[in-house]
Structure formats: structure tokens, C-alpha cells
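Below: one structure, written as C-alpha cells.
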Amino acid sequence: MTRKVKKLWIALAVAAGIPLTMWLCWYLNPKTKMVAAIIDKTVLTPAGQEHISFLWILNHEKLTKTASTFYKIDRDYFGFFPLEGEKFRLKGLERFNNDQLQQLSEDINLVYFTDTYGIYRNEWYTQKNNNERSGMVYGGMSSQDIELLKQMKQKKKLIITEFNSIGSPTSQETRKQFEDMFAMHWTGWTGRFFESLDTTRNKELPRWLINNYKRANNNNWPFKKSGIALVSNQDRVIILEDGRDLKNPMPHIISGEYGQKVLGLPEEIKYAFWFDVIQPNRAINTQVASFKMDVNQKGQALLKANGLSAVFPAVLMHKETDYRFYYFSGDFCDNPVNLSSSYFKGIGAFKWIFYDTSNPMERSSFFWNFYRPMMTTILDQEREYHNK
């Protein structure tokens, strides 16, 4: 065997040994029991896209539902369970009575509402147009959900919620209870960045969004560039278009000192998915990070005319002796990550492999650079809290 061939074999052995070593380090790391109630009412497939990021963190950190059992993405949550042949099973908190909810709040360490938007007929049943709105199969925050949150708050246990927990289709009465409980208010507005607002190019633009705008604007849809669509719960639509209303079409999240120094957040990161516009009581909640839309003078005037601001909360936190609460104003737990990568300790050193920064619509970088450090720190703090 020549020296060159030997070097090649050594290089291959080292390359194969790195992932094996990373897996062994993960495997040998001890498990920690942390019981989490995950509420996800928007599960179209067993892949559990709306709670996959949280399961990735739990698995990577070896946080388990019992002393030895890992969480299963298609099993360990409350909500909508898809079955074959357009069948499904509902296993939400709606089937719990007050005594059962009380017991659940005793048994768990934390609750995480990843999504209550729900499942709609056009998404679930075949041969439907999923860009159109339709009747709801299941969804919305329920009175039982509120009762569990009330019990968790009273017991000073960790509460994590995010968009869409209290938006449509949650009832106004239930939403008000949540808002009063956690000192915040949903303005009724949600939004999202679209790489193209040209209906001839972007077939994923929601048909209801286009129709609602045209209905109020003489049947016109003049947009061709990228931009941000803002939609109210009264079906009012505002379009901020690149160049016309925006200096930079992509929304960004700006993190404050606590977010950067404690939660490991970047100072600034792009965000290309759904968000809602929240107004917090700042005497009670800390605004850890903020969304920013880079509007010009015309865009600023359009926002002001509709009672909106270009800067609004992205991460709210209440972390005091009375209770512990987080609200994420975006679909933060919905990221295109693969659970298989969670089995390798130190995988974060290779995060650059998993995303292409030249693609404005990619969301993997948000998971690796924002969601993962934030959630890992929150769960580390939870471990320390229970070890005291």
C-alpha cells in the first residue's frame, strides 16, 4: 500500500470516526426527566412539523418524559392525531375534567402551546384547494387549555406559548382570559413575508388574502415584488411592498441585552414566516426581542393609519417569583429540522451544513441561531430551578 493510499484511508477513518464519537458522547450523556405537556392542534402528518423543533431540543439535551423514555414526535402531545384514509383522532385537553387538569398540572414540569390554529377541511380532505379558507375540523384554544394554564401559573410552573395560540380560531372570550392572565393583548393583526407578491409567479399566495385585498381595492392587486402582508381578524389586508413601502422587504428580529447575553440570541436575524402583532403590559412583561419592519416614510404612514408600528414584540418574558411565562410572537417551533441530527453531541459546530444563507426563504438558520440557543437556555434554567 502506497503512502498516498494510507493517508487516504486514515482521512476516511477520521471522517467516519467524528460522527461516531459525537453519537457516543450524546449516548453516554445522562438522561434528565422533564415532563412537558405539548399542545399542538395543527398536526397534518405524523412528522409533527409544528412541534418538531421542541422535540429536537428535548432529544438532543436528553430530557425525557420518564426516567428512561424519550419523547415520541407522533405520540407525546395533546391535540390532533392524523390517521390513514383521512381519519383522525382527537386527544386534546377538551376531554379532561377539572380534576384531571389539576392532576396534569401536578404531574408536569412545563407546558408548551406550539400551535392551536387547528386543521381545516381544505387541508385535511383530498381534492381541496388549500389556498382557500374552509370549515374547521378542529382547533382553537379551549376552556380546558385555559384552565391548565391557570393551574400552571398558580403552581409557578414554566409556561411557554407562541403564535398561533390565541389568534383565529380561538374565541374572543377565551382570548380575553389569556390576555388578562398574562398581561398582553393581540392587536388582531398577523403578518408574513412573501418572496414574491406576483400572483403569476407565486402560486403559494393564499387566495383568501388576495381576494380580501381586491375586495377593498377596486379588484386591484398591483404587486409584483417581495414584501410583507398584514392581515387583521376583520379580514382587512395591508401590503408593504419592497421599494414602495419597504427599504428592506425582510422582517428582522432584534434582540436586547438579556436576549443576547443570557439566552444566546443573535443581535439581529431575518424571519420569513408567520407572526402576530402583540401589545404587552411592559410593567409586567419584559420584551426580550422585537420584530422590525424596515419601512420607508410611505410604509410608516400606512402602518400608522392602521394603528400599527414597525417595531413590536417577538419574545415576551415574565420570569418572577409569582410565575414564569414566555410568549413567542412567531411560528418559532415550526422549522425544517431533522430529528436524526439531534443524536449527535456538538452538532451545532456543523450547523452551517444545514442551511443556505443565500436563500431568503430558508428557515433552518433561524432554528440553529435563534430558537435552539434560546430554548436550550430556557430548559437549562428549568433544570437548575428544580435542582435547587
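We label chains A, B, ... in the order they appear in the C-alpha cells, count residues from 1 in each chain, and number ligands from 1 in the order shown.
All residues of protein, DNA or RNA that reach within 9 Å of Cys25 of chain A, judged by only C-alpha atoms and not counting those fewer than 5 positions away in the chain, are Leu20, Phe344, Lys345 and Gly346 of chain A.
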Using only C-alpha atoms, what table do you get, as JSON lines, when you list each residue of segment 177-244 of chain A with an atom no more than 12 Å from segment 291-308 of chain A, its nearest pair of atoms, and their distance in Å rounded to one decimal, rows by chain then rising number?
{"residue": "A:Trp186", "atom": "CA", "partner": "A:Leu308", "partner_atom": "CA", "distance": 11.8}
{"residue": "A:Thr187", "atom": "CA", "partner": "A:Leu308", "partner_atom": "CA", "distance": 8.7}
{"residue": "A:Gly188", "atom": "CA", "partner": "A:Leu308", "partner_atom": "CA", "distance": 10.7}
{"residue": "A:Trp189", "atom": "CA", "partner": "A:Leu308", "partner_atom": "CA", "distance": 8.9}
{"residue": "A:Thr190", "atom": "CA", "partner": "A:Leu308", "partner_atom": "CA", "distance": 11.2}
{"residue": "A:Gly191", "atom": "CA", "partner": "A:Met293", "partner_atom": "CA", "distance": 10.8}
{"residue": "A:Arg192", "atom": "CA", "partner": "A:Met293", "partner_atom": "CA", "distance": 10.8}
{"residue": "A:Phe193", "atom": "CA", "partner": "A:Met293", "partner_atom": "CA", "distance": 10.0}
{"residue": "A:Gly227", "atom": "CA", "partner": "A:Met293", "partner_atom": "CA", "distance": 10.1}
{"residue": "A:Ile228", "atom": "CA", "partner": "A:Met293", "partner_atom": "CA", "distance": 8.6}
{"residue": "A:Ala229", "atom": "CA", "partner": "A:Met293", "partner_atom": "CA", "distance": 11.4}
{"residue": "A:Leu230", "atom": "CA", "partner": "A:Leu303", "partner_atom": "CA", "distance": 9.7}
{"residue": "A:Val231", "atom": "CA", "partner": "A:Asn306", "partner_atom": "CA", "distance": 11.0}
{"residue": "A:Ser232", "atom": "CA", "partner": "A:Asn306", "partner_atom": "CA", "distance": 10.0}
{"residue": "A:Arg236", "atom": "CA", "partner": "A:Asn306", "partner_atom": "CA", "distance": 9.8}
{"residue": "A:Val237", "atom": "CA", "partner": "A:Asn306", "partner_atom": "CA", "distance": 10.3}
{"residue": "A:Ile238", "atom": "CA", "partner": "A:Leu302", "partner_atom": "CA", "distance": 8.2}
{"residue": "A:Ile239", "atom": "CA", "partner": "A:Leu302", "partner_atom": "CA", "distance": 9.2}
{"residue": "A:Leu240", "atom": "CA", "partner": "A:Gly299", "partner_atom": "CA", "distance": 6.5}
{"residue": "A:Glu241", "atom": "CA", "partner": "A:Gly299", "partner_atom": "CA", "distance": 8.5}
{"residue": "A:Asp242", "atom": "CA", "partner": "A:Val295", "partner_atom": "CA", "distance": 8.9}
{"residue": "A:Gly243", "atom": "CA", "partner": "A:Asn296", "partner_atom": "CA", "distance": 8.5}
{"residue": "A:Arg244", "atom": "CA", "partner": "A:Lys298", "partner_atom": "CA", "distance": 7.4}
Using only C-alpha atoms, please write the residues we just selected to a file, as a PDB file, in the first residue's frame.
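Final output, out.pdb:
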ATOM      1  CA  TRP A 186     -53.311  40.651  20.495  1.00  0.00           C
ATOM      2  CA  THR A 187     -53.998  43.551  18.140  1.00  0.00           C
ATOM      3  CA  GLY A 188     -55.876  41.287  15.732  1.00  0.00           C
ATOM      4  CA  TRP A 189     -53.078  41.521  13.146  1.00  0.00           C
ATOM      5  CA  THR A 190     -50.891  38.762  11.752  1.00  0.00           C
ATOM      6  CA  GLY A 191     -48.303  39.000   9.013  1.00  0.00           C
ATOM      7  CA  ARG A 192     -45.802  37.217   6.827  1.00  0.00           C
ATOM      8  CA  PHE A 193     -43.013  37.938   4.354  1.00  0.00           C
ATOM      9  CA  GLY A 227     -42.993  42.269   0.628  1.00  0.00           C
ATOM     10  CA  ILE A 228     -44.973  41.787   3.829  1.00  0.00           C
ATOM     11  CA  ALA A 229     -48.693  41.020   4.021  1.00  0.00           C
ATOM     12  CA  LEU A 230     -50.506  42.092   7.195  1.00  0.00           C
ATOM     13  CA  VAL A 231     -53.978  40.674   7.837  1.00  0.00           C
ATOM     14  CA  SER A 232     -56.450  41.682  10.532  1.00  0.00           C
ATOM     15  CA  ARG A 236     -58.501  43.798   6.340  1.00  0.00           C
ATOM     16  CA  VAL A 237     -55.268  43.387   4.328  1.00  0.00           C
ATOM     17  CA  ILE A 238     -52.262  45.711   4.170  1.00  0.00           C
ATOM     18  CA  ILE A 239     -49.443  45.066   1.703  1.00  0.00           C
ATOM     19  CA  LEU A 240     -45.992  46.565   2.272  1.00  0.00           C
ATOM     20  CA  GLU A 241     -44.037  46.154  -0.956  1.00  0.00           C
ATOM     21  CA  ASP A 242     -40.286  46.339  -1.465  1.00  0.00           C
ATOM     22  CA  GLY A 243     -39.247  49.728  -2.834  1.00  0.00           C
ATOM     23  CA  ARG A 244     -42.691  51.245  -2.497  1.00  0.00           C
TER      24      ARG A 244
END
Give me, as CSV, each residue of segment 253-352 of chain A that comes within 10 Å of segment 34-57 of chain A, together with its shortest interatomic pair and the distance in Å at one decimal, counting only C-alpha atoms, with rows ordered by chain and rising residue number.
residue,atom,partner,partner_atom,distance
A:Asp331,CA,A:Glu50,CA,8.0
A:Phe332,CA,A:Ser53,CA,8.3
A:Cys333,CA,A:Ser53,CA,5.1
A:Asp334,CA,A:Glu50,CA,4.6
A:Asn335,CA,A:Ser53,CA,6.3
A:Pro336,CA,A:Gln49,CA,7.7
A:Val337,CA,A:Ser53,CA,6.8
A:Asn338,CA,A:Trp56,CA,7.9
A:Leu339,CA,A:Trp56,CA,5.6
A:Ser340,CA,A:Trp56,CA,8.6
A:Ser341,CA,A:Trp56,CA,8.3
A:Ser342,CA,A:Trp56,CA,5.8
A:Tyr343,CA,A:Trp56,CA,9.0
Restricting to only C-alpha atoms, whichever of A:Ile253, A:Met361, A:Ile119, A:Leu209 is closest to Ala272 of chain A is A:Met361
Just list the residues in segment 3-193 of chain A DSSP gives alpha helix (DSSP H) on the backbone, as a PyMOL selection string.
chain A and resi 3-28+52-60+98-107+121-124+143-154+172-182
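Here atom CA of Lys153 of chain A stands at a distance of 18.3 Å from atom CA of Phe96 of chain A.
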